[in-house]
Amino acid sequence: MKKCYFVFFLLILIKVAFAQQPAKTFSVNFHEVKIEQFVAELESKSSYHFYYNPAQFDSLKVTLEVANVPLQTILEQSFRNTSFHYAIVGQQVFLTKGRELQTTLAAGFFKGKAGDVSHETIPIVDYANDQDKKIPEATTENKLYEIGIKTNEIKPGTATLAGYVKDIKSGEAVIGASIKVVDSKIGIATDQFGYYSLTLPRGRQTLSIRGLGMRDTRRQILLYSNGKLNIEMQEQITSLKEVKISAEKVANVRSGELGVNRLDIKAIKQVPAVFGEADVLRVILTLPGVQSVGEATTGFNVRGGAADQNLILLNDATIYNPAHFFGFFSAFNPDIVKDVQLYKSSIPEKYGGRLSSVLDVTDREGNKKNFTGSAGIGLLTSRFNIEGPIVKDKTSFIFGGRTTYSDWLLKLLPEDYKHSQASFYDLNLDISHQINERNNIYITSYLSNDKFKLNSDTAYAYSNTNVNIKWKHNFSNRFYSVFTAGNDHYQYNTSSSDNPVNAYKLGFDINQTNFKADFTYYVNPKNTVDFGLSSILYKLNPGDFEPNGSKSLVVPDVVSAERALESALYLGDKYDITPDLLVSFGLRYSLYNYLGPQTVNYYAPNLPRESVNLIDSTTYKKNQVINTYHGPEIRASVRYNLGDNSSIKAGYNTLRQYIHLLSNTTAISPTDVWKLSDPNIKPQYGDQVSLGLYHNAKANTIELSVEVYYKRLKDYLDYKSGATLVLNHHVETDVINTQGKAYGAEFLLRKTAGKLNGWMSYTYSRTFLKQDDPNAGDLINKGNYYPANFDKPHSFNFTGNYRLSHRFSVSLNATYSTGRPITLPIAKYQYAGAERVYYSDRNQYRIPDYFRSDFSMNIEGNHKVHQRTHNSFTIGVYNLTGRQNAYSTYFTSEGGAINGYQLSIFARPIPFINYNIRF
Amino acid sequence: MKSKMLLLWLFILSLNLGCKKAYNPPAVTAPSSYLVVEGVINGNSDSTIIKLSRTVNLSQNTKSKTETNAKLSVEDVSGNIYALKEASSGRYTCAPLNLDSTKKYRLHIQTNNGKTYFSDYVQFTPTPAIDSIGYHITSNGLQIYANTHDPKNNTRYYRWDFVETWRFHSKYQSVSITNGTDIVPRRPDQMIYYCFGSDVSNNIILGSTEKLQQDVIYQNPITTIVSTSEKIEIKYSILLKQYALTKDAYLYWQNLKKNTEQLGSIFDAQPSTSSGNIHNAADPTEPVIGFISATNVKSKRIFISNDALPPSWQPAYPYNCGTDSVFVNYNGRNQVALFLIPIGSASIPIYPFYYPGSTARPDGYISSTISCTDCTIRGTTKQPVFWK
């Protein structure tokens with residue numbers, strides 16, 4: 001392929017003479033001759049002298065037999081379809097490789113007659129500089145960078161400029177930086193690799209580059225033709241100013257997406273967290289439309305979806321259990337995480353497999369220039385991270401680890417519980433390597449492990465293991481691809497050894513092997529096409545109950561393993577119909593195969609799916625396709641600009657989910673099992689329409705948005721009363737397909753710059769479920785709609801940071817929401833010899849409203865850039881008002897009366913301190 | 001999950017972060033009182049007994065309140081009406097009904113407040129006889145089971161309840177008694193050492209042969225008696241009643257069992273209350289608790305004597321017991337007069353003792369508490385008519 005070069009100017013002045021010479025003819029017969037022989041033969045037959053670099057021609061072998069032809073014809077035929085060129089000037093012949101020597105003066109050199117100027121682009125080459133030229137690292141604002149193949153006359157029209165935006169200090173990619181052509185509406189944001197591709201008018205242009213946490217900068221360019229420009233940006237060292245929630249200040253107004261929130265780690269670290277450790281998931285809970293499952297869990301509900309309907313990705317690896325230590329901490333190490341993106345409505349077509357949302361957590365890339373690291377010490381956890389180059393500017397690594405030393409706390413418990421233990425750790429190791437300008441390799445890995453034990457009886461352990469390799473290949477400036485292969489594993493086990501006879505081990509694991517290929521093609525400035533395919537092979541062991549130890553009399557019980565293949569093809573197109581109207585349409589076609597070996601029960605149609613109605617049971621061989629579900633998923637949105645600072649957007653989305661979490665508690669608990677769709681359990685299906693209004697004020701520092709949505713859920717799994725979910729060989733008899741609807745309005749006000757920054761959100765949302773399957777047996781609430789467990793109509797969040805000085809800032813976080821619905825016993829009676837309770841309809845009552853406020857102070861050490869370490873402290877109080885929020889309620893019979901109790905977690909103000917050191 | 005929460009809770013408590021406090025949601029103190037209907041339309045030679053009561057608030061100490069002065073009748077599809085009479089508070093009975101096993105029946109209730117309730121018409125489902133009642137001796141007790149079968153394979157769904165009766169004794173055999181002025185020997189009719197205890201089943205016992213080729217119930221667990229129970233220290237008897245159910249009735253009972261045999265907490269599975277087959281004629285949405293079936297109840301009684309049980313099984317007396325010596329003259333104080341003679345004293349004399357050589361008057365009494373000497377606080381000395 002022809003390379004484009006950015007060259008110095010070399011003028012070659014040669015007397016034009018050969019045209020007047022009478023043409024001499026030759027007869028030659030070459031067979032696989034080398035250049036030396038070829039030249040010697042021709043020179044011997046003529047007075048021509050050849051000039052060439054033998055090293056360049058060592059690959060050339062000429063086979064030619066001609067008679068009585070001019071030299072031009074011989075050279076023409078010999079070099080046809082090769083990269084070799086020739087130029088004849090008088091009696092001198094210049095042989096070149098790769099580029100042709102121009103033997104004439106450039107057109108227009110003598111400023112000929114007006115209108116006589118040829119617009120033909122004749123490249124001017126610097127033949128003296130023969131090395132592969134590096135893509136310029138544009139670091140200076142005032143320098144003019146010349147891009148493309150230089151022509152003395154710039155052709156009108158457009159050309160494509162592409163490259164990476166990097167941090168000058170660490171060499172790390174700057175994601176979501178906006179590159180805008182000054183005085184025009186042309187602009188684009190960098191992708192997850194810091195890559196951009198921009199089509200703009202040729203000629204002299206000024207680019208304005210703005211990045212998250214980066215100093216705004218400009219670059220002067222003179223664009224001749226398609227070319228590359230890597231831009232290095234400087235980090236903004238001013239502390240605590242960078243609460244830029246959106247990378248691009250106008251992104252919320254200008255992008256075509258609805259219901260997307262991005263938070264970078266600096267904003268996350270500013271939010272006060274219990275025990276002082278920055279927590280990615282807990283900050284997500286402050287966003288509109290996201291509800292917490294409960295105080296001590298990291299489970300969350302997005303726009304009325306269940307906790308298992310969120311796809312949680314860490315560098316594209318699926319994390320099945322994102323919680324540590326009973327859910328006090330999220331599984332993501334805040335020192336490694338770069339940013340977090342939550343898609344609530346416009347889920348890009350490349351994602352699929354879950355109904356409600358995609359939470360995309362991205363790790364930082366290691367510093368490519370220097371070794372740096374950080375460490376943090378908190379009350380319960382410590383963390384450490386180190387990063388640096390393996391090969392400077394090419395290969396880097398980042399490693400992070402966290403562990404807990406909470407056992408000292410448990411030792412303070414009364415004797416009965418002293419022997420309890422709880423511990424966790426997590427490790428991240430990511431490597432990024434630049435093979436060359438076109439190819440990058442990224443390897444990311446994650447391991448987390450949790451163990452806890454209640455008074456030396458039942459021990460619980462769970463762990464996530466993820467490994468991913470990603471290859472990014474640029475076909476051209478405008479077309480690139482990312483190939484990802486990886487393996488995700490989640491397992492838990494519980495064991496008991498106290499009673500040797502009853503000692504058991506219970507295990508569950510899920511393993512998924514992924515392959516993905518994603519392609520992005522910038523067709524033209526108005527049109528971007530994404531397409532790709534993905535495939536996931538699931539292997540799931542639903543339960544394995546085994547004796548623990550030789551004395552155990554436990555009968556082994558193994559629920560047979562499940563296998564399935566989930567594949568998808570997608571195509572998406574973003575098209576600017578007019579500068580104000582952007583249409584984005586994506587189609588994802590997903591295909592799910594449930595695979596053998598498996599024994600599947602079939603039930604009589606139109607009868608309740610119960611063991612009584614079992615009519616047949618079929619055994620399938622390995623890899624035999626038992627059944628297939630498939631269907632299209634639509635991801636569409638439209639944006640219309642209502643002036644420079646406002647826009648209106650609408651979107652429609654459909655999604656399919658083939659894997660279900662079986663849990664009859666509301667939170668994700670370590671002992672919940674996942675279930676693959678099978679002939680009896682249909683995949684979940686959801687669709688959503690949403691409409692949003694966006695407005696930016698005060699030079700894009702204040703963002704306002706209002707979004708409304710309406711969502712439908714089909715075949716969401718709910719459970720029959722008293723369902724058994726663990727070690728159930730026929731789960732299908734214990735679950736009921738449930739339909740749902742959710743709707744709401746989300747208001748967000750966000751201030752992104754200034755001394756005071758932060759965001760405030762209010763959400764009104766309702767979620768209802770109903771069971772209307774006539775074959776389900778006794779229906780919950782007689783088949784009428786009932787509020788879902790996570791239906792909390794009103795919720796309000798405030799997260800703010802006020803910077804008093806460069807080294808001192810205060811943060812306040814306040815959360816209010818309506819209490820969660822519960823089903824209560826409302827009366828008691830005597831029946832069948834015992835006192836029994838009468839329950840209300842499901843979820844007809846609510847626990848008391850929730851309110852909490854947290855406060856923290858961030859104190860930074862001095863800000864000299866050049867010092868060995870940088871220190872910072874975070875001191876704060878969680879639950880400032882000490883409100884006793886109900887976590888749960890329960891009822892117990894005491895002295896003949898049934899009494900209700902509410903249980904609160906963190907029922908008083910909890911102070912915390914965290915010390916961080918960066919080196 | 002529960003233990004996870006327990007550990008979490010302990011952790012919270014250890015940090016003194018959490019708290020537990022009384023919770024009385026407004027709903028719990030203000031529901032209306034729902035009608036509860038319990039009983040079976042009985043087609044055999046026994047009488048039909050229907051009990052009416054009302055639900056009470058959870059916080060109330062009373063277990064339930066009976067519904068009195070209601071008018072009840074059993075009706076069949078062809079218009080025959082059999083009226084019930086209130087035998088005791090909230091308990092309505094009628095003479096044995098001779099029901100036609102091919103017909104459908106319903107219960108008609110008119111409450112004192114003027115509301116009318118009907119059960120759905122239910123098919124009369126004949127109950128097959130109980131084949132046998134047996135027991136297994138397990139490592140920690142006695143497992144009682146029942147066998148039955150329906151040769152026509154029609155019944156399929158079963159429910160049982162039972163009344164158990166046992167003979168037991170108190171810890172100490174008292175041979176002395178106060179007459180208010182003195183301690184005298186007990187007459188045989190005043191003996192309070194041996195008693196008969198009785199209880200009714202308080203769990204819902206269900207069985208189904210829906211998965212079986214034949215309608216055979218084999219060793220369906222009925223109840224478990226722990227090896228240290230007083231129930232089996234002498235002799236135990238169980239009167240088992242068997243009810244055939246329709247499929248709907250079975251599902252109702254099954255749901256009731258799942259939802260009410262443990263109290264609600266949100267860590268349990270979501271509870272739900274299923275509606276029975278009794279409805280307010282004017283307002284079908286009013287919850288009425290209960291499910292009416294029509295069947296001919298079958299019953300069977302067995303006895304289990306302690307002789308048949310492992311000798312190593314020793315009863316655990318439910319109270320901590322010890323004896324005291326009460327003296328007539330204890331440093332000049334007459335303890336007997338003070339603690340044993342007054343009627344209604346907390347201590348009961350067991351037997352007299354004498355100082356060596358003294359035989360005329362007891363010098364004191366060995367005594368113990370009522371709970372250790374008087375079996376009538378937990379039973380009756382009157383032998384039931386069926387006892388043998």
# chains A, B, ... in the order shown; residues from 1 in each chain; ligands from 1

$ select_by_dssp --residues "region 685-908 of chain A" --states "strand (DSSP E)" --output "ChimeraX atom specification"
/A:685-697,702-719,735-751,756-770,786-787,794-805,808-817,821-822,825-831,834-839,845-846,850-860,870-878,886-894,897-904

$ residues_around --residues "Thr733 (chain A)" --least-positions-apart "4" --cutoff "7 Å" --atoms "only C-alpha atoms" --output "count of residues only"
3

$ atom_distance --atom1 "CA of Ser59 (chain A)" --atom2 "CA of Ile35 (chain A)"
8.8 Å

$ closest_residue --among "B:Ile302, B:Ile234, B:Ile204, B:Ile41" --to "Trp253 (chain B)" --atoms "only C-alpha atoms"
B:Ile204

$ closest_residue --among "B:Ser73, B:Asn334, B:Gln214, B:Gln60" --to "Ser119 (chain B)" --atoms "only C-alpha atoms"
B:Ser73

$ closest_residue --among "A:Val558, A:Val482, A:Ala459, A:Gln624" --to "chain B" --atoms "only C-alpha atoms"
A:Ala459

$ atom_distance --atom1 "CA of Asn641 (chain A)" --atom2 "CA of Tyr522 (chain A)"
21.9 Å

$ closest_residue --among "B:Asn202, B:Lys300, B:Val288, B:Gly180" --to "Ile341 (chain B)" --atoms "only C-alpha atoms"
B:Gly180

$ residues_around --residues "Leu380 (chain A)" --least-positions-apart "3" --cutoff "7 Å" --atoms "only C-alpha atoms" --output "VMD selection string"
chain A and resid 404 to 406

$ write_last_selection --atoms "N, CA and C atoms" --output "PDB file, in the first residue's frame"
ATOM      1  N   THR A 404      -8.145  -6.720  52.697  1.00  0.00           N
ATOM      2  CA  THR A 404      -8.775  -6.242  53.911  1.00  0.00           C
ATOM      3  C   THR A 404      -8.092  -6.866  55.106  1.00  0.00           C
ATOM      4  N   TYR A 405      -8.152  -6.185  56.206  1.00  0.00           N
ATOM      5  CA  TYR A 405      -7.631  -6.754  57.447  1.00  0.00           C
ATOM      6  C   TYR A 405      -8.701  -6.581  58.516  1.00  0.00           C
ATOM      7  N   SER A 406      -9.896  -7.008  58.148  1.00  0.00           N
ATOM      8  CA  SER A 406     -11.042  -6.761  59.017  1.00  0.00           C
ATOM      9  C   SER A 406     -11.140  -7.765  60.143  1.00  0.00           C
TER      10      SER A 406
END

$ residues_around --residues "region 142-158 of chain B" --least-positions-apart "6" --cutoff "8 Å" --atoms "only C-alpha atoms" --output "PDB file with N, CA and C atoms, in the first residue's frame"
ATOM      1  N   THR B 125     -65.849 -35.327  47.716  1.00  0.00           N
ATOM      2  CA  THR B 125     -64.761 -36.251  47.378  1.00  0.00           C
ATOM      3  C   THR B 125     -64.644 -37.285  48.487  1.00  0.00           C
ATOM      4  N   PRO B 126     -64.981 -38.519  48.206  1.00  0.00           N
ATOM      5  CA  PRO B 126     -64.937 -39.531  49.262  1.00  0.00           C
ATOM      6  C   PRO B 126     -63.502 -39.807  49.707  1.00  0.00           C
ATOM      7  N   THR B 127     -63.337 -39.991  51.001  1.00  0.00           N
ATOM      8  CA  THR B 127     -62.017 -40.272  51.565  1.00  0.00           C
ATOM      9  C   THR B 127     -61.863 -41.768  51.731  1.00  0.00           C
ATOM     10  N   PRO B 128     -60.788 -42.340  51.211  1.00  0.00           N
ATOM     11  CA  PRO B 128     -60.562 -43.764  51.480  1.00  0.00           C
ATOM     12  C   PRO B 128     -60.131 -43.964  52.933  1.00  0.00           C
ATOM     13  N   ALA B 129     -60.264 -45.152  53.402  1.00  0.00           N
ATOM     14  CA  ALA B 129     -59.918 -45.443  54.795  1.00  0.00           C
ATOM     15  C   ALA B 129     -58.414 -45.376  54.994  1.00  0.00           C
ATOM     16  N   ILE B 130     -58.014 -45.064  56.232  1.00  0.00           N
ATOM     17  CA  ILE B 130     -56.594 -45.117  56.577  1.00  0.00           C
ATOM     18  C   ILE B 130     -56.225 -46.582  56.700  1.00  0.00           C
ATOM     19  N   ASP B 131     -55.237 -47.005  55.946  1.00  0.00           N
ATOM     20  CA  ASP B 131     -54.854 -48.410  56.015  1.00  0.00           C
ATOM     21  C   ASP B 131     -54.163 -48.726  57.328  1.00  0.00           C
ATOM     22  N   SER B 132     -53.216 -47.920  57.665  1.00  0.00           N
ATOM     23  CA  SER B 132     -52.495 -48.182  58.915  1.00  0.00           C
ATOM     24  C   SER B 132     -51.739 -46.939  59.329  1.00  0.00           C
ATOM     25  N   ILE B 133     -51.407 -46.942  60.606  1.00  0.00           N
ATOM     26  CA  ILE B 133     -50.545 -45.889  61.132  1.00  0.00           C
ATOM     27  C   ILE B 133     -49.345 -46.609  61.725  1.00  0.00           C
ATOM     28  N   GLY B 134     -48.180 -46.178  61.417  1.00  0.00           N
ATOM     29  CA  GLY B 134     -46.995 -46.856  61.946  1.00  0.00           C
ATOM     30  C   GLY B 134     -45.978 -45.846  62.409  1.00  0.00           C
ATOM     31  N   TYR B 135     -44.870 -46.351  62.843  1.00  0.00           N
ATOM     32  CA  TYR B 135     -43.829 -45.417  63.257  1.00  0.00           C
ATOM     33  C   TYR B 135     -42.456 -46.004  62.994  1.00  0.00           C
ATOM     34  N   HIS B 136     -41.516 -45.105  62.818  1.00  0.00           N
ATOM     35  CA  HIS B 136     -40.107 -45.468  62.704  1.00  0.00           C
ATOM     36  C   HIS B 136     -39.420 -44.989  63.960  1.00  0.00           C
ATOM     37  N   LEU B 206     -49.901 -32.637  54.493  1.00  0.00           N
ATOM     38  CA  LEU B 206     -50.469 -32.893  53.180  1.00  0.00           C
ATOM     39  C   LEU B 206     -49.731 -34.037  52.502  1.00  0.00           C
ATOM     40  N   GLY B 207     -50.403 -34.681  51.621  1.00  0.00           N
ATOM     41  CA  GLY B 207     -49.768 -35.725  50.823  1.00  0.00           C
ATOM     42  C   GLY B 207     -50.423 -35.775  49.466  1.00  0.00           C
ATOM     43  N   SER B 208     -49.663 -36.215  48.491  1.00  0.00           N
ATOM     44  CA  SER B 208     -50.222 -36.282  47.153  1.00  0.00           C
ATOM     45  C   SER B 208     -49.610 -37.459  46.416  1.00  0.00           C
ATOM     46  N   THR B 209     -50.419 -38.087  45.603  1.00  0.00           N
ATOM     47  CA  THR B 209     -49.917 -39.190  44.790  1.00  0.00           C
ATOM     48  C   THR B 209     -49.937 -38.812  43.320  1.00  0.00           C
ATOM     49  N   GLU B 210     -49.924 -37.503  43.066  1.00  0.00           N
ATOM     50  CA  GLU B 210     -50.054 -37.051  41.678  1.00  0.00           C
ATOM     51  C   GLU B 210     -48.927 -37.575  40.791  1.00  0.00           C
ATOM     52  N   GLN B 214     -50.009 -45.288  40.925  1.00  0.00           N
ATOM     53  CA  GLN B 214     -51.175 -45.713  41.687  1.00  0.00           C
ATOM     54  C   GLN B 214     -51.424 -44.742  42.810  1.00  0.00           C
ATOM     55  N   ASP B 215     -52.650 -44.666  43.236  1.00  0.00           N
ATOM     56  CA  ASP B 215     -53.016 -43.735  44.294  1.00  0.00           C
ATOM     57  C   ASP B 215     -52.703 -44.378  45.640  1.00  0.00           C
ATOM     58  N   VAL B 216     -51.395 -44.430  45.937  1.00  0.00           N
ATOM     59  CA  VAL B 216     -50.963 -45.089  47.168  1.00  0.00           C
ATOM     60  C   VAL B 216     -50.105 -44.123  47.962  1.00  0.00           C
ATOM     61  N   ILE B 217     -50.544 -43.887  49.194  1.00  0.00           N
ATOM     62  CA  ILE B 217     -49.732 -43.089  50.108  1.00  0.00           C
ATOM     63  C   ILE B 217     -48.977 -44.075  50.981  1.00  0.00           C
ATOM     64  N   TYR B 218     -47.660 -44.005  50.898  1.00  0.00           N
ATOM     65  CA  TYR B 218     -46.866 -44.946  51.658  1.00  0.00           C
ATOM     66  C   TYR B 218     -46.015 -44.185  52.664  1.00  0.00           C
ATOM     67  N   GLN B 219     -46.283 -44.433  53.905  1.00  0.00           N
ATOM     68  CA  GLN B 219     -45.500 -43.859  55.004  1.00  0.00           C
ATOM     69  C   GLN B 219     -45.378 -42.335  54.886  1.00  0.00           C
ATOM     70  N   ASN B 220     -46.506 -41.690  54.766  1.00  0.00           N
ATOM     71  CA  ASN B 220     -46.488 -40.226  54.732  1.00  0.00           C
ATOM     72  C   ASN B 220     -46.248 -39.703  56.146  1.00  0.00           C
ATOM     73  N   PRO B 221     -45.209 -38.899  56.347  1.00  0.00           N
ATOM     74  CA  PRO B 221     -44.906 -38.434  57.704  1.00  0.00           C
ATOM     75  C   PRO B 221     -46.080 -37.648  58.290  1.00  0.00           C
ATOM     76  N   ILE B 222     -46.401 -37.950  59.520  1.00  0.00           N
ATOM     77  CA  ILE B 222     -47.494 -37.264  60.198  1.00  0.00           C
ATOM     78  C   ILE B 222     -46.949 -36.347  61.274  1.00  0.00           C
ATOM     79  N   THR B 223     -46.151 -36.912  62.142  1.00  0.00           N
ATOM     80  CA  THR B 223     -45.573 -36.081  63.190  1.00  0.00           C
ATOM     81  C   THR B 223     -44.332 -36.774  63.735  1.00  0.00           C
ATOM     82  N   THR B 224     -43.508 -35.980  64.388  1.00  0.00           N
ATOM     83  CA  THR B 224     -42.282 -36.497  64.972  1.00  0.00           C
ATOM     84  C   THR B 224     -42.307 -36.201  66.460  1.00  0.00           C
ATOM     85  N   ILE B 225     -41.965 -37.206  67.248  1.00  0.00           N
ATOM     86  CA  ILE B 225     -41.896 -36.997  68.691  1.00  0.00           C
ATOM     87  C   ILE B 225     -40.448 -37.217  69.109  1.00  0.00           C
ATOM     88  N   VAL B 226     -39.840 -36.231  69.717  1.00  0.00           N
ATOM     89  CA  VAL B 226     -38.430 -36.389  70.090  1.00  0.00           C
ATOM     90  C   VAL B 226     -38.304 -37.423  71.201  1.00  0.00           C
ATOM     91  N   SER B 227     -37.169 -38.078  71.264  1.00  0.00           N
ATOM     92  CA  SER B 227     -36.997 -39.207  72.190  1.00  0.00           C
ATOM     93  C   SER B 227     -37.103 -38.784  73.646  1.00  0.00           C
ATOM     94  N   GLN B 242     -58.281 -38.325  58.314  1.00  0.00           N
ATOM     95  CA  GLN B 242     -57.824 -38.200  56.924  1.00  0.00           C
ATOM     96  C   GLN B 242     -58.913 -37.544  56.082  1.00  0.00           C
ATOM     97  N   TYR B 243     -58.514 -36.575  55.280  1.00  0.00           N
ATOM     98  CA  TYR B 243     -59.459 -35.852  54.443  1.00  0.00           C
ATOM     99  C   TYR B 243     -59.007 -35.957  52.993  1.00  0.00           C
ATOM    100  N   ALA B 244     -59.892 -36.320  52.122  1.00  0.00           N
ATOM    101  CA  ALA B 244     -59.569 -36.257  50.696  1.00  0.00           C
ATOM    102  C   ALA B 244     -59.770 -34.817  50.239  1.00  0.00           C
ATOM    103  N   LEU B 245     -58.925 -34.380  49.338  1.00  0.00           N
ATOM    104  CA  LEU B 245     -59.016 -33.002  48.849  1.00  0.00           C
ATOM    105  C   LEU B 245     -59.173 -32.987  47.341  1.00  0.00           C
ATOM    106  N   THR B 246     -59.790 -31.926  46.884  1.00  0.00           N
ATOM    107  CA  THR B 246     -59.734 -31.684  45.444  1.00  0.00           C
ATOM    108  C   THR B 246     -58.383 -31.034  45.154  1.00  0.00           C
ATOM    109  N   LYS B 247     -58.049 -30.948  43.897  1.00  0.00           N
ATOM    110  CA  LYS B 247     -56.776 -30.321  43.528  1.00  0.00           C
ATOM    111  C   LYS B 247     -56.702 -28.869  44.010  1.00  0.00           C
ATOM    112  N   TYR B 250     -56.102 -28.750  47.651  1.00  0.00           N
ATOM    113  CA  TYR B 250     -54.724 -29.126  47.947  1.00  0.00           C
ATOM    114  C   TYR B 250     -53.786 -27.940  47.734  1.00  0.00           C
TER     115      TYR B 250
END

$ select_by_dssp --residues "region 197-382 of chain B" --states "alpha helix (DSSP H)" --output "list of chain:residue names"
B:Lys247, B:Asp248, B:Ala249, B:Tyr250, B:Leu251, B:Tyr252, B:Trp253, B:Gln254, B:Asn255, B:Leu256, B:Lys257, B:Lys258, B:Asn259, B:Thr260, B:Gln335, B:Ile370, B:Ser371, B:Cys372, B:Thr373

$ closest_residue --among "A:Lys682, A:Lys526, A:Lys453, A:Arg563" --to "chain B" --atoms "only C-alpha atoms"
A:Lys453

$ residues_around --residues "region 43-45 of chain B" --least-positions-apart "3" --cutoff "6 Å" --atoms "only C-alpha atoms" --output "tab-separated table (two decimals) with C-alpha atoms, in the first residue's frame"
chain	number	residue	atom	x	y	z
B	96	PRO	CA	-74.66	-36.28	60.68
B	97	LEU	CA	-75.49	-35.49	57.09
B	98	ASN	CA	-76.06	-38.20	54.61
B	99	LEU	CA	-74.43	-36.64	51.60
B	295	THR	CA	-65.88	-35.32	52.23
B	296	ASN	CA	-66.46	-38.19	54.58
